[in-house]
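Raw coords-v7.tsv, TSV, C-alpha atoms and all ligand atoms:
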chain	number	residue	atom	x	y	z
W	8	MET	CA	-0.43	-12.62	-37.05
W	9	GLY	CA	2.59	-14.96	-36.96
W	10	HIS	CA	6.01	-13.41	-36.93
W	11	ASP	CA	6.79	-14.79	-40.41
W	12	ALA	CA	4.26	-12.40	-41.96
W	13	VAL	CA	5.49	-9.33	-40.06
W	14	ALA	CA	6.81	-6.44	-42.18
W	15	LEU	CA	9.67	-5.06	-40.13
W	16	PRO	CA	10.57	-1.36	-40.35
W	17	THR	CA	13.54	-0.56	-42.57
W	18	PRO	CA	16.99	-0.09	-41.05
W	19	LYS	CA	17.93	3.58	-40.74
W	20	ILE	CA	21.34	4.87	-39.79
W	21	SER	CA	21.27	8.32	-38.25
W	22	PRO	CA	24.73	9.83	-37.57
W	23	SER	CA	24.65	12.12	-34.55
W	24	MET	CA	25.63	15.62	-35.66
W	25	LEU	CA	26.72	16.24	-32.07
W	26	SER	CA	30.01	14.66	-33.10
W	27	SER	CA	30.34	16.74	-36.27
W	28	ASP	CA	32.30	19.92	-36.82
W	29	PHE	CA	29.60	22.53	-36.11
W	30	ALA	CA	31.52	25.19	-38.02
W	31	ASN	CA	31.00	23.12	-41.14
W	32	LEU	CA	27.63	21.59	-40.42
W	33	ALA	CA	26.32	21.69	-43.97
W	34	SER	CA	29.35	19.99	-45.48
W	35	GLU	CA	29.47	17.47	-42.62
W	36	ALA	CA	25.81	16.66	-43.27
W	37	LYS	CA	26.42	16.29	-47.00
W	38	PHE	CA	29.39	14.02	-46.29
W	39	MET	CA	27.24	11.79	-44.09
W	40	GLU	CA	24.62	11.56	-46.83
W	41	ASP	CA	27.33	10.61	-49.30
W	42	CYS	CA	28.52	7.95	-46.83
W	43	GLY	CA	25.08	6.34	-46.87
W	44	ALA	CA	23.32	7.90	-43.87
W	45	ASP	CA	19.52	7.65	-44.02
W	46	TRP	CA	18.79	10.30	-41.41
W	47	LEU	CA	20.76	12.97	-39.55
W	48	HIS	CA	20.34	13.02	-35.78
W	49	MET	CA	20.21	16.49	-34.20
W	50	ASP	CA	20.43	16.77	-30.40
W	51	ILE	CA	18.86	19.74	-28.69
W	52	MET	CA	19.65	19.85	-24.99
W	53	LEU	CA	18.32	22.67	-22.90
W	54	PHE	CA	17.44	22.71	-19.21
W	55	TYR	CA	16.13	19.17	-19.39
W	56	SER	CA	15.05	19.24	-15.75
W	57	GLU	CA	15.98	20.94	-12.54
W	58	ASN	CA	18.21	18.10	-11.44
W	59	SER	CA	19.30	16.97	-14.84
W	60	LYS	CA	22.85	16.16	-15.75
W	61	VAL	CA	22.10	17.75	-19.11
W	62	LYS	CA	23.46	21.23	-18.73
W	63	ARG	CA	24.64	21.67	-22.27
W	64	PHE	CA	22.80	22.89	-25.25
W	65	ASN	CA	23.67	22.60	-28.85
W	66	ILE	CA	21.13	23.82	-31.33
W	67	LEU	CA	18.57	26.32	-30.13
W	68	PRO	CA	15.42	27.18	-32.02
W	69	ARG	CA	16.63	30.71	-32.53
W	70	GLU	CA	19.58	29.17	-34.31
W	71	SER	CA	17.28	27.25	-36.56
W	72	LYS	CA	19.25	28.54	-39.49
W	73	PHE	CA	21.41	25.48	-38.78
W	74	LEU	CA	18.41	23.32	-39.50
W	75	LYS	CA	17.51	25.35	-42.57
W	76	LEU	CA	21.03	25.00	-43.82
W	77	VAL	CA	21.04	21.25	-43.47
W	78	ARG	CA	17.54	21.14	-44.89
W	79	LEU	CA	18.93	22.41	-48.18
W	80	LEU	CA	20.44	18.96	-48.48
W	81	LYS	CA	16.99	17.42	-48.24
W	82	ALA	CA	18.17	15.17	-45.43
W	83	PHE	CA	15.69	13.62	-43.00
W	84	LEU	CA	16.34	15.64	-39.84
W	85	ASP	CA	15.78	13.40	-36.84
W	86	CYS	CA	15.52	15.88	-33.96
W	87	HIS	CA	15.89	14.71	-30.34
W	88	LEU	CA	14.74	17.39	-27.94
W	89	MET	CA	16.01	17.07	-24.41
W	90	VAL	CA	14.06	20.06	-23.18
W	91	THR	CA	11.60	20.65	-20.36
W	92	ASN	CA	9.00	22.35	-22.52
W	93	PRO	CA	8.87	20.51	-25.86
W	94	ALA	CA	5.55	22.09	-26.85
W	95	ASP	CA	7.31	25.45	-27.21
W	96	TYR	CA	9.63	23.97	-29.78
W	97	VAL	CA	7.17	22.31	-32.12
W	98	MET	CA	6.46	25.26	-34.40
W	99	PRO	CA	10.03	26.60	-34.53
W	100	PHE	CA	11.32	23.16	-35.45
W	101	ALA	CA	8.57	22.48	-37.98
W	102	LYS	CA	9.25	25.85	-39.62
W	103	ALA	CA	12.98	25.22	-39.64
W	104	GLY	CA	12.46	21.98	-41.54
W	105	ALA	CA	12.71	19.24	-38.92
W	106	SER	CA	11.42	15.88	-40.20
W	107	SER	CA	10.83	14.23	-36.86
W	108	PHE	CA	10.46	15.56	-33.34
W	109	THR	CA	11.31	13.28	-30.43
W	110	PHE	CA	10.45	14.50	-26.94
W	111	HIS	CA	11.26	12.93	-23.57
W	112	ALA	CA	8.64	10.89	-21.75
W	113	GLU	CA	10.02	12.03	-18.40
W	114	VAL	CA	8.92	15.64	-18.73
W	115	THR	CA	5.53	15.87	-20.30
W	116	LYS	CA	3.11	13.23	-19.13
W	117	ASP	CA	0.07	15.49	-18.83
W	118	SER	CA	0.39	16.94	-22.27
W	119	TRP	CA	1.31	13.82	-24.28
W	120	PRO	CA	-1.77	13.57	-26.53
W	121	GLU	CA	-1.80	17.31	-27.30
W	122	LEU	CA	1.90	17.32	-27.96
W	123	ILE	CA	1.79	14.36	-30.34
W	124	LYS	CA	-1.16	15.90	-32.15
W	125	SER	CA	0.64	19.19	-32.66
W	126	ILE	CA	3.86	17.50	-33.83
W	127	LYS	CA	1.99	15.46	-36.41
W	128	SER	CA	-0.29	18.24	-37.57
W	129	SER	CA	2.73	20.40	-38.21
W	130	GLY	CA	4.00	17.77	-40.62
W	131	MET	CA	6.68	16.03	-38.54
W	132	GLN	CA	6.91	12.45	-37.35
W	133	ALA	CA	6.56	12.09	-33.59
W	134	GLY	CA	8.91	10.17	-31.35
W	135	VAL	CA	9.19	9.61	-27.62
W	136	ALA	CA	12.50	9.02	-25.84
W	137	ILE	CA	13.17	7.30	-22.52
W	138	LYS	CA	16.22	7.73	-20.35
W	139	PRO	CA	17.95	4.59	-18.99
W	140	GLY	CA	16.09	4.78	-15.66
W	141	THR	CA	12.62	5.04	-17.20
W	142	PRO	CA	10.61	1.82	-17.56
W	143	ILE	CA	9.10	1.13	-20.98
W	144	GLU	CA	5.68	0.52	-19.46
W	145	ASP	CA	5.46	4.32	-19.14
W	146	ILE	CA	5.33	4.76	-22.88
W	147	PHE	CA	3.00	1.91	-23.92
W	148	PRO	CA	0.03	4.33	-23.95
W	149	LEU	CA	1.88	6.56	-26.39
W	150	VAL	CA	2.39	3.75	-28.86
W	151	GLU	CA	-1.09	2.34	-28.48
W	152	GLY	CA	-3.14	5.53	-28.09
W	153	GLU	CA	-5.21	7.24	-30.73
W	154	ASP	CA	-2.52	9.87	-31.26
W	155	SER	CA	0.41	7.52	-31.27
W	156	VAL	CA	4.10	8.08	-31.81
W	157	ASP	CA	5.94	6.84	-34.91
W	158	MET	CA	9.11	5.98	-33.02
W	159	VAL	CA	10.42	5.11	-29.58
W	160	LEU	CA	13.98	6.11	-28.69
W	161	VAL	CA	15.59	3.94	-26.04
W	162	MET	CA	18.60	5.85	-24.69
W	163	THR	CA	21.58	3.54	-24.26
W	164	VAL	CA	23.57	6.15	-22.31
W	165	GLU	CA	22.51	8.90	-19.93
W	166	PRO	CA	21.75	11.84	-22.23
W	167	GLY	CA	24.39	14.53	-22.15
W	168	PHE	CA	27.25	14.01	-24.51
W	169	GLY	CA	28.80	11.76	-27.10
W	170	GLY	CA	31.49	9.13	-26.58
W	171	GLN	CA	29.95	7.32	-23.59
W	172	SER	CA	29.79	3.53	-23.17
W	173	PHE	CA	26.83	1.59	-24.53
W	174	MET	CA	24.55	0.18	-21.81
W	175	PRO	CA	23.73	-3.44	-22.76
W	176	ASP	CA	21.22	-3.66	-19.92
W	177	MET	CA	18.87	-1.48	-21.99
W	178	MET	CA	18.46	-4.29	-24.53
W	179	PRO	CA	15.59	-6.07	-22.74
W	180	LYS	CA	13.58	-2.85	-23.19
W	181	VAL	CA	14.25	-2.90	-26.92
W	182	LYS	CA	13.39	-6.59	-27.18
W	183	GLU	CA	10.12	-6.14	-25.33
W	184	LEU	CA	9.16	-3.19	-27.53
W	185	ARG	CA	9.96	-5.14	-30.70
W	186	ARG	CA	7.97	-8.13	-29.48
W	187	ARG	CA	4.94	-5.95	-28.72
W	188	TYR	CA	5.20	-3.62	-31.71
W	189	PRO	CA	6.76	-5.44	-34.68
W	190	ASN	CA	6.26	-2.49	-37.09
W	191	LEU	CA	7.44	0.30	-34.82
W	192	ASP	CA	10.61	2.30	-35.50
W	193	ILE	CA	12.80	1.62	-32.47
W	194	GLN	CA	15.80	3.88	-32.13
W	195	VAL	CA	18.84	3.39	-29.92
W	196	ASP	CA	21.25	6.19	-29.10
W	197	GLY	CA	24.53	6.19	-27.23
W	198	GLY	CA	27.67	4.11	-27.64
W	199	LEU	CA	26.55	2.44	-30.86
W	200	ALA	CA	29.54	1.22	-32.86
W	201	PRO	CA	30.67	-1.86	-34.80
W	202	SER	CA	31.53	-3.46	-31.44
W	203	THR	CA	28.04	-2.97	-29.94
W	204	ILE	CA	25.66	-2.96	-32.90
W	205	ASP	CA	25.03	-6.72	-32.88
W	206	GLN	CA	23.50	-6.50	-29.41
W	207	ALA	CA	21.14	-3.72	-30.47
W	208	ALA	CA	20.27	-5.49	-33.72
W	209	ALA	CA	19.60	-8.79	-31.93
W	210	ALA	CA	17.22	-7.00	-29.57
W	211	GLY	CA	15.28	-5.57	-32.53
W	212	ALA	CA	16.45	-1.96	-32.87
W	213	ASN	CA	16.20	-0.63	-36.44
W	214	VAL	CA	17.11	3.07	-36.14
W	215	ILE	CA	20.71	3.52	-35.10
W	216	VAL	CA	22.17	6.79	-33.87
W	217	ALA	CA	25.96	6.84	-33.88
W	218	GLY	CA	28.16	9.85	-33.27
W	219	SER	CA	31.76	9.19	-32.37
W	220	ALA	CA	31.86	5.78	-34.07
W	221	VAL	CA	30.96	7.34	-37.42
W	222	PHE	CA	32.56	10.78	-37.26
W	223	GLY	CA	35.69	9.44	-35.59
W	224	ALA	CA	36.18	6.64	-38.12
W	225	LYS	CA	38.76	6.57	-40.90
W	226	ASP	CA	36.06	5.09	-43.09
W	227	PRO	CA	32.64	6.44	-42.01
W	228	ALA	CA	30.92	4.84	-45.01
W	229	GLY	CA	32.35	1.47	-43.95
W	230	VAL	CA	31.05	1.92	-40.40
W	231	ILE	CA	27.58	2.88	-41.67
W	232	LYS	CA	27.61	-0.26	-43.79
W	233	ILE	CA	28.58	-2.45	-40.82
W	234	LEU	CA	25.74	-0.98	-38.74
W	235	ARG	CA	23.20	-1.49	-41.52
W	236	ASN	CA	24.36	-5.03	-42.29
W	237	SER	CA	23.97	-6.02	-38.66
W	238	ILE	CA	20.33	-4.82	-38.60
W	239	GLU	CA	19.61	-6.58	-41.89
W	240	ARG	CA	21.09	-9.84	-40.62
W	241	ALA	CA	19.06	-9.71	-37.41
W	242	GLN	CA	15.90	-8.86	-39.34
W	243	SER	CA	16.33	-11.69	-41.80
W	244	SER	CA	16.66	-14.23	-38.98
W	245	LYS	CA	14.10	-12.40	-36.79
W	246	ILE	CA	16.35	-13.36	-33.88
W	247	PHE	CA	14.55	-10.87	-31.57
W	248	PHE	CA	11.34	-12.90	-31.68
W	249	GLN	CA	13.08	-16.01	-30.32
W	301	LIG	O1	22.10	12.26	-27.46
W	301	LIG	C1	23.21	11.88	-27.40
W	301	LIG	C2	23.95	12.06	-26.12
W	301	LIG	O2	23.09	12.67	-25.22
W	301	LIG	C3	23.79	11.15	-28.52
W	301	LIG	O3	23.11	11.39	-29.75
W	301	LIG	C4	25.25	11.16	-28.75
W	301	LIG	O4	25.63	12.13	-29.67
W	301	LIG	C5	25.68	9.83	-29.26
W	301	LIG	O5	27.05	9.83	-29.37
W	301	LIG	P1	27.92	8.50	-29.39
W	301	LIG	O6	27.64	7.80	-28.09
W	301	LIG	O7	27.44	7.70	-30.57
W	301	LIG	O8	29.30	9.02	-29.53

Before we go any further, please render this structure as structure tokens.
Amino acid sequence: MGHDAVALPTPKISPSMLSSDFANLASEAKFMEDCGADWLHMDIMLFYSENSKVKRFNILPRESKFLKLVRLLKAFLDCHLMVTNPADYVMPFAKAGASSFTFHAEVTKDSWPELIKSIKSSGMQAGVAIKPGTPIEDIFPLVEGEDSVDMVLVMTVEPGFGGQSFMPDMMPKVKELRRRYPNLDIQVDGGLAPSTIDQAAAAGANVIVAGSAVFGAKDPAGVIKILRNSIERAQSSKIFFQ
């Protein structure tokens, strides 16, 4: 199929709730919806690996009332699980109302097909995330396999916390993924802002996670619009296929 006939996945802006006021999560979520957010990005960080820099945690399954609360808003809850044992979280997150469940490629190689199957059969979309040091070749089998993921998340910072600088050297990964998988949802997360979005859009990303740039803005709706417009512009020129 030529690239002219390709139906590209829709742009989705997913504000990272990590930058929100947790004491007012429901109203923060509603505000983001009113500002034009498509999804809400929820980070769950827990003992990612023995040597991991991720020592924080934010939303634990036992606190899934957070998710239930936000679910009342009918938002698409885009859940990014930086945990060593994602399989243990599938049911709690499905029950709590998560819409998608993204696990890390670095931790679960042996159990990938089972994990994807259980995520999907519990009614959630499945995603796989890669840290900056992980080559994309590692996840090709997950996109091409029988039980394939719906989304790939290319981390553009080391996972851990909001407000870090965008890593432009991750863009070749995004471009290669877009070239290979024109219909795939490709998410980028970390340092996305009006000043960096054009690089991500030009590489072919269509799902944009942004925390500090949105929550810290005077005009969050305006920032969401800038992010979306950049993706739409890149998609209409299909610049990432050049
Ligand atoms: O997962 C993470 C960090 O580990 C992100 O979702 C951050 O929350 C993004 O924050 P900004 O870089 O956009 O401030």

Can you tell me, as JSON, numbers by chain, what residues are no more than 9 Å from Pro166 (chain W) when counting only C-alpha atoms, ignoring any on the same chain fewer than 2 positions away?
{"W": [52, 60, 61, 89, 138, 139, 162, 163, 164, 168, 169, 196, 197]}

Which chains and residue numbers are within 6 Å of ligand LIG 301 (chain W), counting all atoms listed in the file, if I want them as a PDB file with C-alpha atoms, in the frame of the given file?
ATOM      1  CA  SER W  23      24.650  12.120 -34.550  1.00  0.00           C
ATOM      2  CA  LEU W  25      26.720  16.240 -32.070  1.00  0.00           C
ATOM      3  CA  ASP W  50      20.430  16.770 -30.400  1.00  0.00           C
ATOM      4  CA  PRO W 166      21.750  11.840 -22.230  1.00  0.00           C
ATOM      5  CA  GLY W 167      24.390  14.530 -22.150  1.00  0.00           C
ATOM      6  CA  PHE W 168      27.250  14.010 -24.510  1.00  0.00           C
ATOM      7  CA  GLY W 169      28.800  11.760 -27.100  1.00  0.00           C
ATOM      8  CA  GLY W 170      31.490   9.130 -26.580  1.00  0.00           C
ATOM      9  CA  GLN W 171      29.950   7.320 -23.590  1.00  0.00           C
ATOM     10  CA  ASP W 196      21.250   6.190 -29.100  1.00  0.00           C
ATOM     11  CA  GLY W 197      24.530   6.190 -27.230  1.00  0.00           C
ATOM     12  CA  GLY W 198      27.670   4.110 -27.640  1.00  0.00           C
ATOM     13  CA  LEU W 199      26.550   2.440 -30.860  1.00  0.00           C
ATOM     14  CA  ALA W 217      25.960   6.840 -33.880  1.00  0.00           C
ATOM     15  CA  GLY W 218      28.160   9.850 -33.270  1.00  0.00           C
ATOM     16  CA  SER W 219      31.760   9.190 -32.370  1.00  0.00           C
ATOM     17  CA  ALA W 220      31.860   5.780 -34.070  1.00  0.00           C
TER      18      ALA W 220
END

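Ranking W:Ala101, W:Ile20, W:Leu184, W:Met158 by their shortest atom-to-atom distance to Ala200 (chain W), with all atoms listed in the file included, puts W:Ile20 first.
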
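The spacing separating CA of Met24 (chain W) from CA of Ala44 (chain W) amounts to 11.5 Å.
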
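Of note, CA of Ser172 (chain W) and CA of Val195 (chain W) are spaced 12.9 Å apart.
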
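In this model, the gap between CA of Lys127 (chain W) and CA of Glu183 (chain W) comes to 25.6 Å.
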
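Comparing W:Val161, W:Pro179, W:Phe222, W:Leu88 by their smallest distance to Ala36 (chain W), the closest is W:Phe222 (using all atoms listed in the file).
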
Closest of W:His111, W:Pro93, W:Gln206, W:Val150 to Ile126 (chain W) - atom-to-atom distances counting only C-alpha atoms:
W:Pro93

Within 12 Å of Val13 (chain W), counting only C-alpha atoms, which residues qualify if same-chain residues fewer than 4 places away don't, as a PyMOL selection string?
chain W and resi 8-9+185-191+242-243+245+248

So which residues touch Ser128 (chain W) within 12 Å, counting only C-alpha atoms, skipping near sequence neighbours fewer than 6 positions away, as an MDAnalysis selection string?
chainID W and resid 97:98 101 107:108 121:122 154

Would you place a box with edges along x, y and z of the file around all atoms of region 93-110 of chain W listed there, add 5 Å to each of its six sides, and report the centre and edge lengths in Å to one decimal, as AutoDock Vina command-line options?
--center_x 9.3 --center_y 19.9 --center_z -33.7 --size_x 17.4 --size_y 23.3 --size_z 25.7

Just the residues within 8 Å of region 141-146 of chain W, please, counting all atoms listed in the file, with nothing from its chain fewer than 4 positions along; format it as an MDAnalysis selection string.
chainID W and resid 112:113 135 137 150 180 184

Within 12 Å of region 211-214 of chain W, which residues of region 9-116 of chain W come that close, and what is the closest atom pair and distance in Å for each? Count all atoms listed in the file and give it as CSV.
residue,atom,partner,partner_atom,distance
W:Leu15,CA,W:Asn213,CA,8.7
W:Pro16,CA,W:Asn213,CA,6.9
W:Thr17,CA,W:Asn213,CA,6.7
W:Pro18,CA,W:Asn213,CA,4.7
W:Lys19,CA,W:Val214,CA,4.7
W:Ile20,CA,W:Val214,CA,5.9
W:Ser21,CA,W:Val214,CA,7.0
W:Pro22,CA,W:Val214,CA,10.3
W:Ser23,CA,W:Val214,CA,11.9
W:Ala44,CA,W:Val214,CA,11.0
W:Asp45,CA,W:Val214,CA,9.4
W:Trp46,CA,W:Val214,CA,9.1
W:Leu47,CA,W:Val214,CA,11.1
W:His48,CA,W:Val214,CA,10.5
W:Asp85,CA,W:Val214,CA,10.4

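Take the candidates W:Ile231, W:Ile238, W:Ile215, W:Ala14 and check each one against Glu40 (chain W) using all atoms listed in the file; the shortest distance goes to W:Ile231.
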
Within 7 Å of Leu234 (chain W) using all atoms listed in the file, minus same-chain residues under 4 positions, as a count of residues only:
4
